[in-house]
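**Q** One file is attached below, entry_12.cif, containing mmCIF, C-alpha atoms.
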```cif
data_input
loop_
_atom_site.label_atom_id
_atom_site.label_comp_id
_atom_site.auth_asym_id
_atom_site.auth_seq_id
_atom_site.Cartn_x
_atom_site.Cartn_y
_atom_site.Cartn_z
CA MET A 1 -26.95 17.77 33.61
CA ASN A 2 -26.30 19.72 30.41
CA ILE A 3 -24.31 18.15 27.60
CA ALA A 4 -23.20 20.09 24.53
CA VAL A 5 -22.48 18.19 21.31
CA THR A 6 -21.16 19.45 17.96
CA GLY A 7 -21.60 17.97 14.49
CA LEU A 8 -25.37 17.99 13.90
CA ASN A 9 -24.93 18.13 10.13
CA ASN A 10 -26.12 14.65 9.28
CA VAL A 11 -26.22 15.16 5.54
CA ASP A 12 -24.91 12.77 2.84
CA ASN A 13 -21.54 12.82 4.60
CA PRO A 14 -23.02 12.73 8.08
CA ALA A 15 -21.31 13.98 11.21
CA PRO A 16 -21.52 11.90 14.40
CA GLY A 17 -23.34 14.46 16.56
CA VAL A 18 -26.88 13.21 16.06
CA PRO A 19 -26.08 9.51 16.71
CA VAL A 20 -23.93 10.49 19.73
CA ILE A 21 -26.91 12.37 21.17
CA ARG A 22 -29.27 9.52 20.31
CA ALA A 23 -27.06 7.00 22.12
CA ILE A 24 -26.74 9.19 25.21
CA LYS A 25 -30.48 9.88 25.38
CA GLU A 26 -31.35 6.22 24.92
CA SER A 27 -28.90 5.00 27.55
CA GLY A 28 -31.78 4.75 29.98
CA GLU A 29 -29.69 6.51 32.59
CA PHE A 30 -29.39 10.01 31.19
CA SER A 31 -31.56 12.79 32.44
CA GLY A 32 -30.62 16.27 31.37
CA ARG A 33 -30.54 18.66 28.51
CA ILE A 34 -28.76 18.34 25.22
CA ILE A 35 -27.29 21.49 23.70
CA GLY A 36 -26.46 21.36 20.01
CA LEU A 37 -23.50 23.43 18.81
CA LEU A 38 -23.72 24.31 15.12
CA TYR A 39 -21.34 25.73 12.56
CA ASP A 40 -24.13 26.23 10.03
CA THR A 41 -27.70 27.41 10.35
CA LEU A 42 -28.92 24.52 8.20
CA GLU A 43 -27.46 21.64 10.20
CA PRO A 44 -30.44 19.24 10.17
CA GLY A 45 -30.02 18.04 13.76
CA ALA A 46 -30.88 21.49 15.05
CA TYR A 47 -34.37 21.32 13.53
CA LEU A 48 -35.29 17.86 14.81
CA PRO A 49 -37.13 18.30 18.13
CA ASP A 50 -36.01 14.94 19.55
CA VAL A 51 -32.28 15.56 19.11
CA ALA A 52 -31.11 18.71 20.90
CA ASP A 53 -33.25 20.65 23.36
CA ILE A 54 -31.63 23.86 22.18
CA SER A 55 -29.00 24.60 19.54
CA TYR A 56 -26.57 27.48 19.18
CA VAL A 57 -24.46 28.62 16.25
CA ILE A 58 -20.77 28.84 17.12
CA PRO A 59 -17.84 30.17 15.06
CA TYR A 60 -15.42 27.80 13.34
CA PRO A 61 -12.19 27.26 15.30
CA SER A 62 -10.38 28.51 12.19
CA ALA A 63 -12.04 31.91 12.76
CA GLY A 64 -9.97 32.20 15.94
CA LEU A 65 -10.08 30.19 19.14
CA GLU A 66 -10.78 33.26 21.23
CA HIS A 67 -14.02 33.87 19.29
CA LEU A 68 -15.03 30.26 19.82
CA PHE A 69 -14.20 30.40 23.53
CA GLN A 70 -16.10 33.65 24.08
CA ARG A 71 -19.15 32.25 22.30
CA ILE A 72 -19.06 29.07 24.40
CA ALA A 73 -18.67 31.18 27.54
CA ILE A 74 -21.81 33.14 26.64
CA ILE A 75 -23.75 29.92 25.98
CA HIS A 76 -22.39 28.48 29.24
CA GLU A 77 -23.75 31.42 31.21
CA LYS A 78 -27.23 30.52 30.01
CA GLU A 79 -27.01 26.75 29.85
CA LYS A 80 -24.49 25.76 32.56
CA ILE A 81 -22.77 23.21 30.35
CA ASP A 82 -21.29 20.23 32.22
CA VAL A 83 -19.58 18.47 29.29
CA ILE A 84 -18.78 19.36 25.68
CA ILE A 85 -18.38 16.48 23.22
CA PRO A 86 -16.79 17.70 19.97
CA THR A 87 -17.39 15.16 17.20
CA LEU A 88 -15.60 16.59 14.14
CA ASP A 89 -11.99 15.98 13.08
CA SER A 90 -11.38 19.57 12.02
CA GLU A 91 -12.38 21.13 15.36
CA LEU A 92 -10.49 18.75 17.65
CA ASN A 93 -7.19 20.59 17.71
CA GLY A 94 -8.98 23.78 18.74
CA PHE A 95 -10.97 22.08 21.49
CA ILE A 96 -7.83 20.37 22.82
CA LYS A 97 -6.22 23.81 23.14
CA LEU A 98 -9.34 25.24 24.78
CA ALA A 99 -9.88 22.30 27.17
CA PRO A 100 -7.97 23.82 30.16
CA ARG A 101 -9.89 27.10 29.85
CA LEU A 102 -13.18 25.24 29.50
CA LYS A 103 -12.29 23.27 32.61
CA GLU A 104 -11.81 26.55 34.51
CA LEU A 105 -15.38 27.42 33.54
CA GLY A 106 -16.51 24.06 34.90
CA ILE A 107 -16.94 22.42 31.49
CA ALA A 108 -15.44 18.94 31.17
CA THR A 109 -14.16 17.37 27.95
CA TYR A 110 -12.76 13.93 27.15
CA LEU A 111 -10.13 14.42 24.50
CA PRO A 112 -6.80 13.01 23.37
CA THR A 113 -3.67 15.12 23.75
CA ALA A 114 -2.38 17.17 20.83
CA ASP A 115 0.53 14.70 20.51
CA GLN A 116 -1.84 11.74 20.26
CA LEU A 117 -3.88 13.58 17.69
CA THR A 118 -0.75 14.16 15.63
CA LEU A 119 0.51 10.56 15.96
CA ARG A 120 -2.52 9.15 14.14
CA ALA A 121 -2.81 11.93 11.56
CA LYS A 122 -3.11 10.69 8.00
CA ASP A 123 0.38 11.95 7.13
CA LYS A 124 1.94 10.32 10.23
CA LEU A 125 0.01 7.05 10.36
CA ALA A 126 2.58 4.97 8.46
CA ASP A 127 5.39 6.00 10.85
CA PHE A 128 3.25 5.21 13.88
CA CYS A 129 2.29 1.78 12.53
CA LYS A 130 5.85 0.86 11.62
CA LYS A 131 6.98 1.76 15.14
CA PHE A 132 4.40 -0.54 16.70
CA ASP A 133 4.57 -3.31 14.09
CA ILE A 134 1.06 -2.76 12.74
CA ARG A 135 0.53 -3.50 9.04
CA VAL A 136 -0.11 -0.33 7.05
CA PRO A 137 -0.16 0.43 3.32
CA LYS A 138 2.94 2.17 1.97
CA ASN A 139 2.50 5.90 1.48
CA ILE A 140 4.22 9.06 0.31
CA LEU A 141 3.28 12.67 0.93
CA ALA A 142 2.70 15.14 -1.86
CA THR A 143 2.97 18.89 -1.34
CA SER A 144 3.00 19.78 -5.04
CA VAL A 145 1.84 18.31 -8.32
CA GLN A 146 5.49 17.54 -9.09
CA ASP A 147 5.46 15.03 -6.22
CA LEU A 148 2.87 12.98 -8.11
CA TYR A 149 5.60 11.93 -10.54
CA LYS A 150 7.07 9.92 -7.66
CA ILE A 151 4.05 7.63 -7.67
CA GLN A 152 5.35 5.50 -10.52
CA SER A 153 8.60 4.75 -8.73
CA HIS A 154 6.91 3.81 -5.44
CA PHE A 155 3.65 2.12 -6.44
CA GLU A 156 1.65 0.49 -9.14
CA TYR A 157 -1.65 2.12 -10.04
CA PRO A 158 -4.33 2.25 -8.74
CA VAL A 159 -3.35 4.27 -5.68
CA VAL A 160 -5.43 6.10 -3.09
CA VAL A 161 -5.14 9.91 -2.95
CA LYS A 162 -6.24 11.26 0.42
CA GLY A 163 -6.96 14.70 1.84
CA ILE A 164 -5.27 15.61 5.10
CA PHE A 165 -8.60 15.70 7.01
CA TYR A 166 -11.30 14.06 4.86
CA ASP A 167 -12.04 12.56 1.48
CA ALA A 168 -10.12 10.14 -0.70
CA ALA A 169 -10.11 9.02 -4.32
CA VAL A 170 -8.85 5.86 -5.98
CA VAL A 171 -6.95 6.92 -9.10
CA ASN A 172 -5.64 4.88 -12.01
CA ASN A 173 -3.13 7.19 -13.65
CA LEU A 174 -1.19 10.44 -13.29
CA GLU A 175 -3.96 12.53 -14.81
CA GLU A 176 -6.55 11.26 -12.33
CA ALA A 177 -4.03 11.68 -9.50
CA SER A 178 -3.47 15.30 -10.54
CA THR A 179 -7.22 16.01 -10.62
CA ALA A 180 -7.67 14.47 -7.17
CA PHE A 181 -4.64 16.39 -5.85
CA HIS A 182 -6.08 19.74 -6.92
CA LYS A 183 -9.56 18.95 -5.64
CA LEU A 184 -8.42 17.66 -2.24
CA SER A 185 -5.71 20.25 -1.62
CA ALA A 186 -8.14 23.10 -2.47
CA LYS A 187 -10.63 21.72 0.04
CA TRP A 188 -8.45 20.45 2.88
CA GLY A 189 -4.95 21.86 2.31
CA LEU A 190 -1.58 20.11 2.14
CA PRO A 191 -0.01 17.63 2.26
CA ILE A 192 -1.91 15.12 0.19
CA ILE A 193 -1.33 11.48 1.09
CA ILE A 194 -0.65 8.96 -1.67
CA GLN A 195 -1.36 5.50 -0.31
CA GLU A 196 -0.84 2.01 -1.69
CA PHE A 197 -4.17 0.47 -2.74
CA ILE A 198 -4.83 -2.81 -0.93
CA THR A 199 -7.40 -4.97 -2.68
CA GLY A 200 -9.90 -6.39 -0.24
CA ASP A 201 -12.92 -5.70 1.91
CA GLU A 202 -13.04 -2.78 4.31
CA TYR A 203 -13.73 -3.29 8.01
CA ASN A 204 -14.30 -0.56 10.55
CA VAL A 205 -14.00 -0.55 14.31
CA CYS A 206 -15.72 2.02 16.53
CA ALA A 207 -13.94 2.20 19.87
CA LEU A 208 -13.34 4.17 23.05
CA GLY A 209 -10.05 4.47 24.90
CA SER A 210 -9.41 5.81 28.39
CA GLY A 211 -5.75 6.63 27.85
CA SER A 212 -4.64 3.49 29.65
CA GLU A 213 -6.97 0.87 28.18
CA MET A 214 -9.58 0.11 25.55
CA ILE A 215 -13.02 0.58 27.10
CA GLY A 216 -14.96 -0.90 24.19
CA ALA A 217 -14.76 -1.76 20.51
CA VAL A 218 -17.30 -2.93 17.96
CA ALA A 219 -16.30 -4.19 14.49
CA MET A 220 -18.50 -3.57 11.46
CA LYS A 221 -18.49 -4.57 7.81
CA LYS A 222 -20.01 -2.01 5.45
CA MET A 223 -22.70 -3.65 3.34
CA TYR A 224 -23.66 -0.69 1.17
CA ILE A 225 -21.30 2.15 0.32
CA THR A 226 -22.32 5.44 -1.31
CA ASP A 227 -20.35 7.09 -4.07
CA LYS A 228 -18.79 9.24 -1.35
CA GLY A 229 -17.48 6.10 0.28
CA LYS A 230 -19.86 6.35 3.20
CA GLY A 231 -21.35 3.21 4.69
CA TRP A 232 -25.10 3.38 4.28
CA SER A 233 -25.68 0.01 5.87
CA GLY A 234 -23.45 -2.26 7.88
CA ILE A 235 -23.38 -5.29 10.12
CA THR A 236 -21.53 -6.07 13.33
CA ILE A 237 -19.03 -8.90 12.95
CA HIS A 238 -16.90 -10.96 15.27
CA ASP A 239 -13.26 -11.46 14.41
CA PRO A 240 -11.08 -11.75 17.53
CA SER A 241 -7.93 -10.95 15.54
CA LEU A 242 -9.43 -7.64 14.36
CA LEU A 243 -10.44 -6.65 17.90
CA GLU A 244 -7.02 -7.64 19.22
CA LEU A 245 -5.37 -5.50 16.54
CA SER A 246 -7.64 -2.61 17.50
CA LYS A 247 -6.71 -3.01 21.16
CA LYS A 248 -3.02 -3.05 20.26
CA THR A 249 -3.42 0.17 18.25
CA ILE A 250 -5.44 2.02 20.91
CA THR A 251 -3.05 0.94 23.66
CA ALA A 252 -0.02 2.01 21.61
CA LEU A 253 -1.63 5.41 21.02
CA GLN A 254 -2.73 5.65 24.67
CA TRP A 255 -5.87 7.07 23.12
CA LYS A 256 -8.30 8.94 25.33
CA SER A 257 -11.65 9.53 23.61
CA GLY A 258 -13.77 7.92 20.92
CA LEU A 259 -12.25 6.87 17.62
CA GLU A 260 -12.75 4.85 14.47
CA LEU A 261 -10.19 2.46 13.02
CA GLU A 262 -10.43 1.62 9.34
CA PHE A 263 -8.90 -1.59 8.05
CA VAL A 264 -8.66 -3.39 4.72
CA LYS A 265 -8.40 -7.17 4.73
CA ASP A 266 -5.99 -8.14 1.95
CA LYS A 267 -7.85 -10.41 -0.45
CA GLU A 268 -4.76 -12.52 -1.11
CA THR A 269 -3.27 -12.87 2.37
CA ASN A 270 -6.32 -12.29 4.61
CA GLU A 271 -4.19 -9.90 6.67
CA TYR A 272 -5.58 -6.64 8.03
CA TYR A 273 -3.99 -3.34 7.05
CA LEU A 274 -4.75 -0.24 9.12
CA ILE A 275 -5.59 2.46 6.60
CA GLU A 276 -6.89 5.22 8.81
CA ILE A 277 -7.55 6.29 12.40
CA ASN A 278 -10.32 8.86 12.71
CA PRO A 279 -9.95 10.78 15.99
CA ARG A 280 -13.64 10.77 16.88
CA PHE A 281 -16.64 8.47 16.86
CA PRO A 282 -17.92 7.59 13.39
CA ALA A 283 -21.40 8.52 12.13
CA TRP A 284 -22.43 4.87 12.68
CA VAL A 285 -21.72 5.10 16.43
CA TYR A 286 -25.35 4.34 17.25
CA LEU A 287 -24.84 0.76 15.95
CA PRO A 288 -22.39 -0.11 18.76
CA ALA A 289 -24.89 1.31 21.26
CA ALA A 290 -27.67 -0.81 19.75
CA ALA A 291 -25.36 -3.85 19.80
CA GLY A 292 -24.66 -3.51 23.51
CA GLN A 293 -21.76 -1.07 23.79
CA ASN A 294 -23.05 2.44 24.39
CA LEU A 295 -19.70 4.09 23.78
CA PRO A 296 -20.97 7.72 23.68
CA TYR A 297 -22.62 7.30 27.09
CA ALA A 298 -19.47 5.60 28.40
CA LEU A 299 -17.43 8.57 27.17
CA LEU A 300 -19.81 10.92 28.94
CA GLN A 301 -19.37 8.96 32.17
CA LEU A 302 -15.58 9.09 31.82
CA ALA A 303 -15.72 12.83 31.12
CA LEU A 304 -17.62 13.23 34.39
CA GLY A 305 -14.85 11.37 36.21
CA LYS A 306 -16.82 8.19 36.76
CA THR A 307 -15.38 4.70 36.47
CA VAL A 308 -16.48 2.70 33.46
CA ARG A 309 -15.90 -1.03 33.33
CA PRO A 310 -14.61 -2.12 29.87
CA PHE A 311 -17.16 -3.78 27.62
CA THR A 312 -16.37 -7.38 26.73
CA THR A 313 -19.08 -8.45 24.30
CA TYR A 314 -21.60 -7.15 21.80
CA ASP A 315 -24.34 -8.57 19.58
CA ILE A 316 -23.07 -10.08 16.32
CA GLY A 317 -25.18 -9.67 13.18
CA LYS A 318 -26.78 -6.39 14.31
CA MET A 319 -27.33 -4.15 11.30
CA PHE A 320 -27.85 -0.47 10.60
CA ILE A 321 -29.60 0.81 7.50
CA ARG A 322 -29.33 4.55 7.09
CA TYR A 323 -32.12 6.45 5.40
CA SER A 324 -32.91 10.00 4.42
CA TRP A 325 -36.11 11.73 5.38
CA ASP A 326 -37.35 15.19 4.52
CA TRP A 327 -38.03 17.12 7.69
CA ILE A 328 -40.59 19.88 7.13
CA THR A 329 -40.33 23.08 9.09
CA ASP A 330 -41.43 26.67 8.90
CA ILE A 331 -39.28 29.57 7.78
CA LYS A 332 -39.76 30.98 11.30
CA GLU A 333 -37.32 28.41 12.69
CA PHE A 334 -34.74 29.22 10.04
CA GLU A 335 -35.28 32.92 10.75
CA THR A 336 -34.78 32.41 14.50
CA ILE A 337 -31.55 30.50 14.09
CA THR A 338 -30.24 32.93 11.48
CA VAL A 339 -31.08 36.12 13.41
CA HIS A 340 -30.55 34.97 17.00
CA GLY A 341 -28.03 32.17 16.45
CA GLU A 342 -30.10 29.75 18.46
CA LEU A 343 -33.13 27.50 18.19
CA ASN A 344 -35.00 26.30 21.24
CA HIS A 345 -37.19 23.21 21.26
CA GLY A 346 -37.98 23.71 24.94
CA MET B 1 -11.57 -35.32 -1.88
CA GLY B 2 -11.27 -35.60 1.91
CA LYS B 3 -13.80 -34.79 4.54
CA GLN B 4 -15.10 -31.21 4.44
CA LYS B 5 -15.87 -29.29 7.58
CA ILE B 6 -18.12 -26.28 7.82
CA SER B 7 -16.48 -23.13 9.15
CA SER B 8 -17.15 -23.30 12.90
CA SER B 9 -18.58 -19.79 13.12
CA LEU B 10 -20.99 -20.12 10.16
CA ALA B 11 -24.62 -19.43 11.07
CA LEU B 12 -27.12 -21.34 8.91
CA SER B 13 -30.79 -20.42 9.23
CA GLU B 14 -33.74 -22.65 8.42
CA ASN B 15 -34.39 -20.46 5.37
CA GLY B 16 -31.02 -21.30 3.85
CA PHE B 17 -29.55 -17.90 4.78
CA LEU B 18 -25.87 -18.03 5.74
CA PHE B 19 -23.98 -15.46 7.80
CA LEU B 20 -20.26 -15.66 8.37
CA PRO B 21 -19.67 -13.55 11.52
CA THR B 22 -15.92 -13.23 10.99
CA THR B 23 -16.33 -11.38 7.69
CA GLY B 24 -19.91 -10.11 7.76
CA GLU B 25 -20.67 -11.83 4.47
CA THR B 26 -24.10 -13.29 3.80
CA PHE B 27 -25.20 -15.97 1.31
CA THR B 28 -28.30 -17.88 0.36
CA VAL B 29 -28.52 -21.52 -0.66
CA ASN B 30 -31.41 -23.51 -2.13
CA GLU B 31 -33.05 -26.54 -0.52
CA MET B 32 -30.38 -28.95 -1.77
CA GLY B 33 -27.57 -26.65 -0.65
CA LYS B 34 -29.19 -26.37 2.75
CA LEU B 35 -29.46 -30.15 3.01
CA ILE B 36 -25.79 -30.65 2.13
CA LEU B 37 -24.73 -28.04 4.67
CA LYS B 38 -26.90 -29.72 7.28
CA TYR B 39 -25.18 -33.07 6.55
CA LEU B 40 -21.79 -31.37 6.76
CA GLN B 41 -22.75 -29.88 10.12
CA GLU B 42 -23.64 -33.40 11.27
CA GLY B 43 -20.10 -34.44 10.34
CA LYS B 44 -20.98 -36.61 7.33
CA ASP B 45 -18.30 -37.18 4.68
CA GLN B 46 -18.78 -36.87 0.92
CA GLN B 47 -19.73 -40.49 0.30
CA SER B 48 -22.27 -40.56 3.11
CA ILE B 49 -23.84 -37.35 1.81
CA VAL B 50 -24.05 -38.63 -1.76
CA ASP B 51 -25.51 -41.93 -0.54
CA ALA B 52 -28.12 -40.18 1.59
CA ILE B 53 -29.22 -37.87 -1.24
CA THR B 54 -29.37 -40.55 -3.97
CA GLU B 55 -31.47 -42.65 -1.63
CA GLU B 56 -33.94 -39.87 -1.07
CA TYR B 57 -33.98 -38.12 -4.47
CA ASP B 58 -34.27 -39.29 -8.06
CA VAL B 59 -30.75 -38.45 -9.13
CA GLU B 60 -27.86 -40.36 -10.73
CA ALA B 61 -24.91 -40.75 -8.37
CA GLU B 62 -22.52 -39.59 -11.10
CA ASP B 63 -24.45 -36.33 -11.70
CA LEU B 64 -24.73 -35.74 -7.99
CA GLN B 65 -20.99 -36.28 -7.45
CA ARG B 66 -20.26 -33.65 -10.10
CA ASP B 67 -22.72 -31.11 -8.67
CA TYR B 68 -21.51 -31.84 -5.15
CA LEU B 69 -17.90 -31.09 -6.07
CA ASP B 70 -18.98 -27.93 -7.84
CA PHE B 71 -20.91 -26.80 -4.75
CA MET B 72 -17.95 -27.64 -2.50
CA GLY B 73 -15.70 -25.58 -4.74
CA GLN B 74 -17.96 -22.58 -4.23
CA LEU B 75 -18.14 -23.11 -0.47
CA LYS B 76 -14.34 -23.29 -0.31
CA GLN B 77 -13.98 -20.20 -2.45
CA PHE B 78 -16.07 -18.26 0.05
CA GLN B 79 -14.22 -19.84 2.99
CA LEU B 80 -17.39 -21.47 4.25
CA VAL B 81 -15.82 -24.93 4.49
CA VAL B 82 -12.32 -26.12 5.29
CA GLU B 83 -10.62 -29.48 4.90
CA GLY B 84 -11.53 -31.57 7.96
#
```
Could you express the structure from this file as structure tokens?
**A**
Amino acid sequence: MNIAVTGLNNVDNPAPGVPVIRAIKESGEFSGRIIGLLYDTLEPGAYLPDVADISYVIPYPSAGLEHLFQRIAIIHEKEKIDVIIPTLDSELNGFIKLAPRLKELGIATYLPTADQLTLRAKDKLADFCKKFDIRVPKNILATSVQDLYKIQSHFEYPVVVKGIFYDAAVVNNLEEASTAFHKLSAKWGLPIIIQEFITGDEYNVCALGSGSEMIGAVAMKKMYITDKGKGWSGITIHDPSLLELSKKTITALQWKSGLELEFVKDKETNEYYLIEINPRFPAWVYLPAAAGQNLPYALLQLALGKTVRPFTTYDIGKMFIRYSWDWITDIKEFETITVHGELNHG
Amino acid sequence: MGKQKISSSLALSENGFLFLPTTGETFTVNEMGKLILKYLQEGKDQQSIVDAITEEYDVEAEDLQRDYLDFMGQLKQFQLVVEG
């Protein structure tokens, strides 16, 4: 069996590809090859011999879906790919569009529909939550700097300024909001989301939905957060109300694929607010696997049309501590991947 | 002050390390804190705890009462105990 996975750029804002591969390989049931799909020749996962057996550079979906499809078709001829698991937010829409053509080639995917992807988008989240009676911070959308003047009439500072795909900044005044607006809109486009700031601790849930039910969900509290807002260590927790809320959200979305739900627990009221739904597994997806819910492997099974019984428990108090490590390689490997667009670890 | 009850999910290790699984928060307590939490887990009320400690340690009941209430205040603040 040959499984292709994207998102091997586990840098300071790590993508989920490497932990997805790690979970699949350590399932104890997987035997096959892992094919890494890269958007950059310096994605670290490509160089690590225990991650992907072979990696290929592919074009960004924004360069044109036809280019991406043709490149995958060429790789497929050599590798006979059974399943592709895209792990990045920004490529999902493209892969959803390509899924029927990939299926014709014999490549399975396990993705939400375009409508589901839109429902949970950062600029649509508040509407979705209101419809299904899920607590969500108030928000407004900004398409120009002029819109930032509306903040004062809707909120009290601080507020959260969010990019449409990634990144967010907590700002304390109009000047900071304007700086964040320019930075985020230049990087990720418009609109920018202005969200009410809820004071409290952040909780994250990594989950998998089958479209009709929640297959698994593991809740985690970040214990150490980098200046980019990334959890660098975390611990699994058990709060039935949080898992119930996650189930309600996933069921309402009829979500099919992996996802991450981000909540803030209001310090005053102890109530959870859903602040974000990321449409793919998070970079900490190996923690659920280590705690007893191997969600990437379950997704793989579902993609192959197999039945997966929903998980019901996981280990509480299981921690992850992320670390960085300098991998040393020779320029020959960089040369190979740059010139030939692939790197083979055999 | 009425009877205090330890949060049912609180995990207390022999080292005085506390883990609250519902929130993921961790705490450490010293030997005396550990002893009080152990008594609370056994269902003892404030007076029984104070009596047991003054019997075993060289401490004035009045000082202990004050420290006990202070400790309880902290435990309540972190939602580690609730009114029984």
**Q** Expanded to explicit residues, what is the PyMOL selection byres ((chain A) within 9 of (chain B)) for this file, as a ChimeraX atom specification?
**A** /A:201,203,220-223,234-240,316-317
**Q** If you measure from CA of Leu48 in chain A to CA of Trp327 in chain A, what distance in Å do you get, rounded to one decimal?
**A**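 About the pair CA of Leu48 in chain A and CA of Trp327 in chain A: they are 7.7 Å apart.
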**Q** Rounded to one decimal, what separation in Å do you get between CA of Gly33 in chain B and CA of Glu83 in chain B?
**A**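 CA of Glu83 in chain B lies 18.1 Å from CA of Gly33 in chain B.
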**Q** Excluding range 49-63 of chain B and any residue of its chain fewer than 2 positions from it, enumerate the residues within 10 Å of it, using all atoms listed in the file, and give them as a list in words.
**A** Met32, Leu35, Ile36, Leu37, Lys38, Tyr39, Leu40, Gly43, Lys44, Asp45, Gln46, Gln47, Gln65, Arg66, Asp67 and Tyr68 of chain B
**Q** So which one's closest to Gly258 in chain A, A:Gly64, A:Gly341, A:Gly231, A:Gly209? Using only C-alpha atoms, please.
**A**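 Once distances to Gly258 in chain A are computed over only C-alpha atoms, the minimum belongs to A:Gly209.
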**Q** Using CA of His345 in chain A and CA of Thr109 in chain A as the two end points, give the distance in Å to one decimal.
**A**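 These two atoms are separated by 24.7 Å.
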**Q** Compile the contact shell of Ala108 in chain A as a ChimeraX atom specification: residues with an atom at most 8 Å away, counting all atoms listed in the file, same-chain residues fewer than 3 positions apart removed.
**A** /A:82-84,99,102-103,303-304
**Q** When you count all atoms listed in the file, which of these residues is closest to Asp89 in chain A: A:Val159, A:Leu259, A:Ala126, A:Met1?
**A**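 Selected residue with least distance to Asp89 in chain A: A:Leu259.
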**Q** For range 221-278 of chain A versus range 165-172 of chain A, which residues have an atom no more than 12 Å away, and what is each residue's nearest atom pair and distance in Å rounded to one decimal, using only C-alpha atoms, chain-then-number order, as a Markdown table?
**A**
```
| residue | atom | partner | partner_atom | distance |
| --- | --- | --- | --- | --- |
| A:Asp227 | CA | A:Ala169 | CA | 10.4 |
| A:Lys228 | CA | A:Asp167 | CA | 8.0 |
| A:Gly229 | CA | A:Ala168 | CA | 8.5 |
| A:Lys230 | CA | A:Asp167 | CA | 10.1 |
| A:Ile275 | CA | A:Ala168 | CA | 11.5 |
| A:Glu276 | CA | A:Tyr166 | CA | 10.6 |
| A:Ile277 | CA | A:Phe165 | CA | 10.9 |
| A:Asn278 | CA | A:Phe165 | CA | 9.1 |
```
**Q** Could you tell me, as an MDAnalysis selection string, exactly which residues end up selected when the PyMOL selection byres ((chain A and resi 71-78) around 10) is applied to this structure?
**A** chainID A and resid 2 4 35 37 55:59 65:70 79:82 84 101:102 105:107 342
**Q** Taking (-10.2, -3.8, 2.6) in the file's own coordinates, collect the residues within 7 Å, counting all atoms listed in the file, and hand them back as a VMD selection string.
**A** chain A and resid 198 to 203 263 to 266
**Q** Run the PyMOL selection byres ((chain A and resi 139) around 6) against the file shown and list the residues it catches, as an MDAnalysis selection string.
**A** chainID A and resid 138 140 194:195
**Q** Using only C-alpha atoms for the distances, tell me which of A:Trp284, A:Phe197, A:Phe95, A:Tyr297 is nearest to Ala15 in chain A.
**A**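 Closest to Ala15 in chain A of all the choices is A:Trp284.
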